[in-house]
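Structure data (compact mmCIF, C-alpha atoms) from input_17.txt:
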```txt
# COMPACT_ATOMS: atom_id res chain seq x y z
CA MET A 1 -49.41 68.12 111.41
CA GLU A 2 -49.04 68.30 115.20
CA LEU A 3 -47.42 71.34 116.79
CA GLN A 4 -44.48 69.35 118.11
CA ASP A 5 -43.75 68.08 114.60
CA ARG A 6 -43.78 71.62 113.27
CA ASN A 7 -41.33 72.74 115.88
CA LYS A 8 -38.92 70.02 114.82
CA ARG A 9 -38.67 71.63 111.39
CA SER A 10 -36.57 74.50 112.69
CA LEU A 11 -34.48 76.58 110.34
CA HIS A 12 -30.97 75.82 111.58
CA MET A 13 -29.13 78.35 109.46
CA GLN A 14 -25.61 79.49 110.17
CA PRO A 15 -25.01 82.98 108.84
CA SER A 16 -21.96 83.83 106.78
CA ARG A 17 -21.55 86.86 109.05
CA SER A 18 -22.54 87.28 112.67
CA ALA A 19 -24.59 90.41 113.30
CA LYS A 20 -24.41 92.49 116.45
CA MET A 21 -28.03 93.16 117.29
CA ALA A 22 -30.61 93.77 119.99
CA VAL A 23 -34.20 92.74 120.61
CA VAL A 24 -36.35 95.20 122.54
CA GLY A 25 -39.27 93.51 124.27
CA CYS A 26 -39.16 90.08 125.88
CA GLY A 27 -42.73 88.90 125.76
CA LEU A 28 -43.53 85.55 124.16
CA MET A 29 -42.82 86.79 120.63
CA GLY A 30 -39.81 88.94 121.48
CA SER A 31 -38.21 86.11 123.43
CA ALA A 32 -38.77 83.67 120.58
CA LEU A 33 -37.23 86.13 118.11
CA ALA A 34 -34.20 86.76 120.32
CA ARG A 35 -33.51 83.07 120.84
CA ALA A 36 -33.83 82.41 117.11
CA PHE A 37 -31.32 85.13 116.26
CA ALA A 38 -28.90 83.83 118.89
CA SER A 39 -29.34 80.23 117.72
CA ALA A 40 -28.39 81.38 114.22
CA GLY A 41 -25.06 82.64 115.55
CA HIS A 42 -25.78 86.33 116.05
CA GLU A 43 -24.71 88.38 119.07
CA VAL A 44 -28.02 89.31 120.67
CA ALA A 45 -28.68 91.82 123.44
CA VAL A 46 -32.14 91.78 125.01
CA TRP A 47 -33.99 94.37 127.03
CA ASN A 48 -37.36 94.54 128.74
CA ARG A 49 -38.97 97.00 131.12
CA THR A 50 -39.05 94.17 133.63
CA PRO A 51 -35.37 93.11 133.80
CA SER A 52 -36.19 89.59 135.00
CA LYS A 53 -38.01 88.92 131.73
CA ALA A 54 -34.91 89.83 129.75
CA THR A 55 -32.77 87.58 131.93
CA ALA A 56 -35.22 84.71 131.43
CA VAL A 57 -34.85 84.76 127.64
CA GLY A 58 -31.57 82.82 127.76
CA GLY A 59 -30.62 80.87 124.68
CA GLY A 60 -27.27 82.61 124.35
CA THR A 61 -28.67 86.14 124.58
CA ARG A 62 -27.29 88.83 126.90
CA ALA A 63 -29.72 90.76 129.07
CA PHE A 64 -29.29 94.47 129.80
CA GLU A 65 -31.06 96.60 132.41
CA SER A 66 -30.30 99.78 130.45
CA LEU A 67 -31.97 100.18 127.08
CA VAL A 68 -29.32 102.67 125.97
CA GLU A 69 -26.59 100.13 126.71
CA ALA A 70 -28.54 97.34 125.05
CA VAL A 71 -28.87 99.16 121.71
CA SER A 72 -25.58 101.08 121.66
CA GLY A 73 -23.25 99.91 118.92
CA ARG A 74 -25.82 97.49 117.47
CA GLU A 75 -26.27 97.44 113.70
CA LEU A 76 -29.75 95.93 113.89
CA VAL A 77 -32.40 96.53 116.57
CA VAL A 78 -35.66 94.60 116.49
CA VAL A 79 -38.60 95.98 118.46
CA SER A 80 -41.36 93.61 119.56
CA LEU A 81 -43.75 95.29 122.00
CA SER A 82 -47.49 95.25 122.66
CA ASN A 83 -48.26 98.22 120.39
CA TYR A 84 -46.73 101.24 118.69
CA ALA A 85 -47.62 103.53 121.59
CA ALA A 86 -45.48 101.40 123.89
CA ALA A 87 -42.69 101.41 121.30
CA ALA A 88 -42.86 105.19 120.93
CA GLU A 89 -42.64 105.62 124.69
CA VAL A 90 -39.61 103.36 124.96
CA LEU A 91 -37.81 104.91 122.01
CA SER A 92 -38.40 108.43 123.29
CA ALA A 93 -36.59 107.72 126.56
CA LYS A 94 -33.49 109.80 127.22
CA GLY A 95 -30.47 108.76 125.18
CA VAL A 96 -32.18 106.04 123.15
CA ALA A 97 -32.44 107.94 119.85
CA ALA A 98 -28.80 108.97 120.04
CA ALA A 99 -27.75 105.39 120.76
CA LEU A 100 -29.70 104.17 117.72
CA ALA A 101 -28.26 106.69 115.26
CA GLY A 102 -26.78 104.86 112.28
CA ALA A 103 -28.47 101.57 113.16
CA THR A 104 -31.38 99.85 111.44
CA LEU A 105 -34.59 99.62 113.45
CA VAL A 106 -36.97 96.81 112.52
CA GLN A 107 -40.41 97.42 113.98
CA LEU A 108 -42.04 94.04 114.53
CA THR A 109 -44.82 95.43 116.70
CA SER A 110 -48.30 94.89 115.28
CA GLY A 111 -50.05 98.02 114.12
CA SER A 112 -51.62 99.92 111.25
CA PRO A 113 -50.11 101.59 108.17
CA ALA A 114 -50.53 104.94 109.93
CA ASP A 115 -48.44 103.62 112.83
CA ALA A 116 -45.76 102.56 110.35
CA ARG A 117 -45.66 106.01 108.78
CA GLU A 118 -45.24 107.62 112.19
CA GLY A 119 -42.43 105.18 112.97
CA LEU A 120 -40.63 106.05 109.76
CA ALA A 121 -40.95 109.77 110.47
CA TRP A 122 -39.38 109.28 113.90
CA ALA A 123 -36.56 107.20 112.45
CA GLN A 124 -35.78 109.69 109.70
CA ALA A 125 -35.74 112.54 112.21
CA ASN A 126 -33.18 110.66 114.31
CA GLY A 127 -30.85 109.29 111.64
CA VAL A 128 -32.08 105.71 111.96
CA ASP A 129 -32.75 103.33 109.06
CA TYR A 130 -36.20 101.83 109.38
CA LEU A 131 -38.08 98.74 108.28
CA ASP A 132 -41.67 98.10 109.27
CA ALA A 133 -42.51 94.43 109.57
CA ALA A 134 -45.40 92.11 110.38
CA ILE A 135 -44.99 88.52 111.49
CA LEU A 136 -47.57 85.92 110.54
CA ALA A 137 -46.82 83.26 113.12
CA TYR A 138 -47.34 82.21 116.69
CA PRO A 139 -44.23 82.45 118.91
CA SER A 140 -43.76 78.68 118.71
CA PHE A 141 -43.57 78.91 114.90
CA VAL A 142 -40.64 81.36 114.90
CA ALA A 143 -37.61 79.89 113.10
CA THR A 144 -39.70 77.14 111.51
CA ASP A 145 -41.03 76.69 108.00
CA TYR A 146 -44.40 77.92 109.25
CA ALA A 147 -43.30 81.49 109.96
CA THR A 148 -43.66 84.36 107.49
CA VAL A 149 -42.53 87.93 108.03
CA TYR A 150 -43.52 90.79 105.71
CA TYR A 151 -41.23 93.81 105.39
CA ALA A 152 -41.74 97.31 104.01
CA GLY A 153 -39.37 100.22 103.58
CA SER A 154 -36.10 100.80 101.77
CA ARG A 155 -35.21 97.85 99.56
CA ALA A 156 -31.52 98.56 100.06
CA VAL A 157 -31.92 98.44 103.84
CA PHE A 158 -33.88 95.19 103.62
CA ASP A 159 -31.31 93.58 101.34
CA ARG A 160 -28.51 94.60 103.72
CA HIS A 161 -30.10 92.65 106.57
CA ALA A 162 -32.04 89.96 104.69
CA GLU A 163 -29.73 87.09 105.65
CA THR A 164 -29.85 88.02 109.33
CA LEU A 165 -33.64 88.39 109.29
CA GLN A 166 -34.08 84.94 107.82
CA ALA A 167 -33.07 83.52 111.19
CA VAL A 168 -36.62 84.13 112.42
CA ALA A 169 -38.41 83.27 109.18
CA LYS A 170 -36.88 81.77 106.07
CA ASN A 171 -39.94 83.10 104.30
CA SER A 172 -39.01 86.76 104.73
CA VAL A 173 -41.09 88.65 102.17
CA TYR A 174 -40.21 92.14 100.99
CA VAL A 175 -43.52 93.80 100.10
CA ASP A 176 -42.93 97.36 98.96
CA GLU A 177 -41.07 100.63 99.50
CA LYS A 178 -44.28 102.14 100.92
CA ILE A 179 -43.69 101.86 104.65
CA GLY A 180 -47.30 100.88 105.40
CA ALA A 181 -47.34 97.99 102.93
CA ALA A 182 -46.39 95.23 105.37
CA ALA A 183 -49.01 96.31 107.91
CA THR A 184 -51.62 96.56 105.15
CA LEU A 185 -50.92 93.06 103.88
CA ASP A 186 -50.88 91.70 107.43
CA CYS A 187 -54.25 93.28 108.26
CA ALA A 188 -55.71 92.01 104.98
CA ILE A 189 -54.60 88.44 105.64
CA LEU A 190 -55.79 88.57 109.24
CA GLU A 191 -59.19 89.92 108.20
CA ALA A 192 -59.59 86.99 105.83
CA TYR A 193 -58.49 84.65 108.63
CA TYR A 194 -60.73 86.08 111.34
CA GLY A 195 -63.70 86.49 109.05
CA GLY A 196 -63.30 82.99 107.69
CA SER A 197 -62.87 81.55 111.18
CA LEU A 198 -66.04 83.22 112.42
CA ALA A 199 -67.87 81.90 109.36
CA PHE A 200 -66.90 78.26 109.87
CA LEU A 201 -67.57 78.46 113.62
CA HIS A 202 -71.05 79.84 112.97
CA ALA A 203 -71.57 77.12 110.38
CA ALA A 204 -70.65 74.50 112.98
CA ALA A 205 -73.10 76.11 115.42
CA MET A 206 -75.87 75.85 112.81
CA CYS A 207 -75.15 72.17 112.34
CA LYS A 208 -75.18 71.46 116.06
CA ALA A 209 -78.40 73.43 116.55
CA GLU A 210 -80.08 71.34 113.86
CA GLY A 211 -78.89 68.07 115.39
CA LEU A 212 -76.17 67.45 112.83
CA ASP A 213 -72.79 66.51 114.27
CA PRO A 214 -70.35 69.35 113.38
CA LYS A 215 -67.91 66.61 112.35
CA ALA A 216 -69.99 66.21 109.19
CA PHE A 217 -69.38 69.87 108.36
CA PHE A 218 -65.68 69.89 109.16
CA ALA A 219 -65.26 66.77 107.05
CA GLN A 220 -66.24 68.96 104.08
CA LYS A 221 -63.47 71.48 104.76
CA ASN A 222 -62.00 71.09 101.30
CA SER A 223 -65.34 71.97 99.75
CA PHE A 224 -65.71 75.41 101.30
CA LEU A 225 -61.97 76.16 101.11
CA GLY A 226 -62.09 75.23 97.44
CA LEU A 227 -64.97 77.64 96.84
CA ILE A 228 -63.07 80.43 98.58
CA SER A 229 -59.97 79.72 96.50
CA VAL A 230 -61.89 79.74 93.21
CA THR A 231 -63.68 82.97 94.14
CA ALA A 232 -60.44 84.66 95.22
CA ASP A 233 -58.82 83.81 91.89
CA ALA A 234 -61.81 85.13 89.97
CA ALA A 235 -61.99 88.27 92.13
CA GLN A 236 -58.36 89.13 91.46
CA GLY A 237 -58.91 89.28 87.72
CA MET A 238 -62.23 91.09 87.99
CA ILE A 239 -60.82 93.75 90.32
CA GLU A 240 -57.85 94.30 88.01
CA LYS A 241 -60.19 94.79 85.02
CA ASN A 242 -62.96 96.49 87.02
CA ASP A 243 -65.34 94.15 85.26
CA PHE A 244 -67.57 91.90 87.37
CA SER A 245 -69.76 90.51 84.64
CA GLY A 246 -70.11 86.77 84.18
CA ASP A 247 -72.45 83.87 83.65
CA GLN A 248 -71.75 81.65 86.68
CA CYS A 249 -73.85 82.86 89.60
CA SER A 250 -75.34 86.31 90.09
CA LEU A 251 -75.37 88.30 93.29
CA ASN A 252 -79.14 87.92 93.34
CA THR A 253 -78.70 84.16 93.66
CA HIS A 254 -76.11 84.53 96.42
CA VAL A 255 -78.40 86.86 98.36
CA ALA A 256 -81.16 84.25 98.25
CA ALA A 257 -78.74 81.66 99.65
CA ILE A 258 -77.70 83.94 102.51
CA GLU A 259 -81.36 84.57 103.35
CA HIS A 260 -81.72 80.82 103.91
CA ILE A 261 -78.78 80.92 106.32
CA VAL A 262 -80.34 83.80 108.27
CA ARG A 263 -83.67 81.95 108.48
CA LEU A 264 -81.99 78.73 109.63
CA SER A 265 -80.14 80.64 112.37
CA GLN A 266 -83.31 82.34 113.57
CA ASP A 267 -85.35 79.12 113.47
CA ALA A 268 -82.63 77.28 115.40
CA ARG A 269 -82.49 80.13 117.93
CA ILE A 270 -78.77 80.73 117.57
CA SER A 271 -77.06 84.05 116.90
CA ALA A 272 -77.99 85.42 113.49
CA ARG A 273 -75.75 88.50 113.75
CA PHE A 274 -73.05 87.21 111.44
CA PRO A 275 -75.26 86.03 108.55
CA LYS A 276 -77.38 89.20 108.89
CA GLU A 277 -74.22 91.28 108.47
CA LEU A 278 -73.32 89.24 105.41
CA LEU A 279 -76.78 89.70 103.99
CA GLU A 280 -76.68 93.46 104.58
CA ASN A 281 -73.40 93.81 102.67
CA TYR A 282 -74.56 91.69 99.75
CA LYS A 283 -77.93 93.44 99.58
CA ARG A 284 -76.16 96.78 99.52
CA ALA A 285 -74.46 95.71 96.30
CA VAL A 286 -77.78 94.60 94.85
CA SER A 287 -79.32 97.96 95.78
CA VAL A 288 -76.87 99.77 93.51
CA ASP A 289 -77.80 97.63 90.49
CA LEU A 290 -75.07 95.00 90.82
CA GLY A 291 -77.49 92.11 91.31
CA ASN A 292 -76.77 90.61 87.90
CA GLN A 293 -73.00 90.76 88.38
CA GLU A 294 -70.81 88.02 89.85
CA LEU A 295 -70.15 87.79 93.61
CA PRO A 296 -66.88 89.83 93.55
CA ALA A 297 -68.92 92.86 92.46
CA VAL A 298 -69.50 93.46 96.19
CA PHE A 299 -65.98 94.90 96.11
CA ARG A 300 -67.35 98.08 94.53
CA THR A 301 -69.49 98.85 97.58
CA LEU A 302 -66.65 98.17 100.02
CA THR A 303 -64.40 100.93 98.74
CA GLN A 304 -66.60 103.57 100.35
CA ASP A 305 -68.36 103.85 103.73
```

The structure given in the file should be rewritten as structure tokens.
Amino acid sequence: MELQDRNKRSLHMQPSRSAKMAVVGCGLMGSALARAFASAGHEVAVWNRTPSKATAVGGGTRAFESLVEAVSGRELVVVSLSNYAAAAEVLSAKGVAAALAGATLVQLTSGSPADAREGLAWAQANGVDYLDAAILAYPSFVATDYATVYYAGSRAVFDRHAETLQAVAKNSVYVDEKIGAAATLDCAILEAYYGGSLAFLHAAAMCKAEGLDPKAFFAQKNSFLGLISVTADAAQGMIEKNDFSGDQCSLNTHVAAIEHIVRLSQDARISARFPKELLENYKRAVSVDLGNQELPAVFRTLTQD
């Protein structure tokens, strides 16, 4: 489906209650979030270090030059900045913590579970309710069916604001009370995405190097996605049981297949770094006597450095 078609499927939801809120950070994502909240009928203040960026958000939002004024009296404050260090610097400015006391802070800045724990500690020390969140969407997907946001923290706090938060993603998923849970799930999904993307791009490079039109490979997308899906389902059960035995295809067989990929890459004089890294990880599992187990047995060697 084309991007313009996706954008047409916006979530035009009118809340039963208008929230008084603020969005801190007016980059591409922050601006998209602010406009979505305003479009859903909420009273949205916006602030950015560069005031002109806040003014440019528009869409029914109100720009403030003072962060203290922007967040004062707001029940919900969403932070969307480049990283947690930037967020910590902004929140530590004079008067900000006092202005946020009693409000709920939703941290939508990408980071790690450790960042989330530090954010919660700051919030608790300053009398602020806190949710850590991770958005799985490009800015243009905000407020469409293609946006997902994961939340971690107090279930009661999430439930209190769930309707408001759905303005940016109908698929608002509460993950766990553990504050790092949303960041963990986000990183896990992104690793699968980035790793998978690098794999299919390298595969296309192999095809081109061997004179095969990459179209032939991409036409088989359902084949390799299907294999990944089947393996993921099998891995889930095996990890739960800590039992990787089976009679489908041993790690020894998979290692032999990866060796062919490495040789093809070297013969075709393209980068062999990626398949070599794959081979090293799979061979490591074989070296600790897992060669006769199923592919998900590699999991055992990934839980330690």

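Straight-line separation from CA of Phe141 (chain A) to CA of Phe200 (chain A): 23.9 Å.
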
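Neighbours of Ala101 (chain A) closer than or equal to 9 Å, with only C-alpha atoms counted and sequence neighbours fewer than 5 positions away skipped, come out as Ser72, Val96, Ala123, Asn126, Gly127, Val128 and Asp129 of chain A.
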
At a cut-off of 12 Å, using all atoms listed in the file, what residues contact Arg269 (chain A)? Leave out same-chain residues fewer than 6 positions from it and give the result as a PyMOL selection string.
chain A and resi 205-206+208-210+262-263

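Counting only C-alpha atoms and comparing A:Phe37, A:Gly211, A:Gly95, A:Ala63, the residue that lies closest to Arg49 (chain A) is A:Ala63.
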
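CA of Ile135 (chain A) sits 29.3 Å away from CA of Val298 (chain A).
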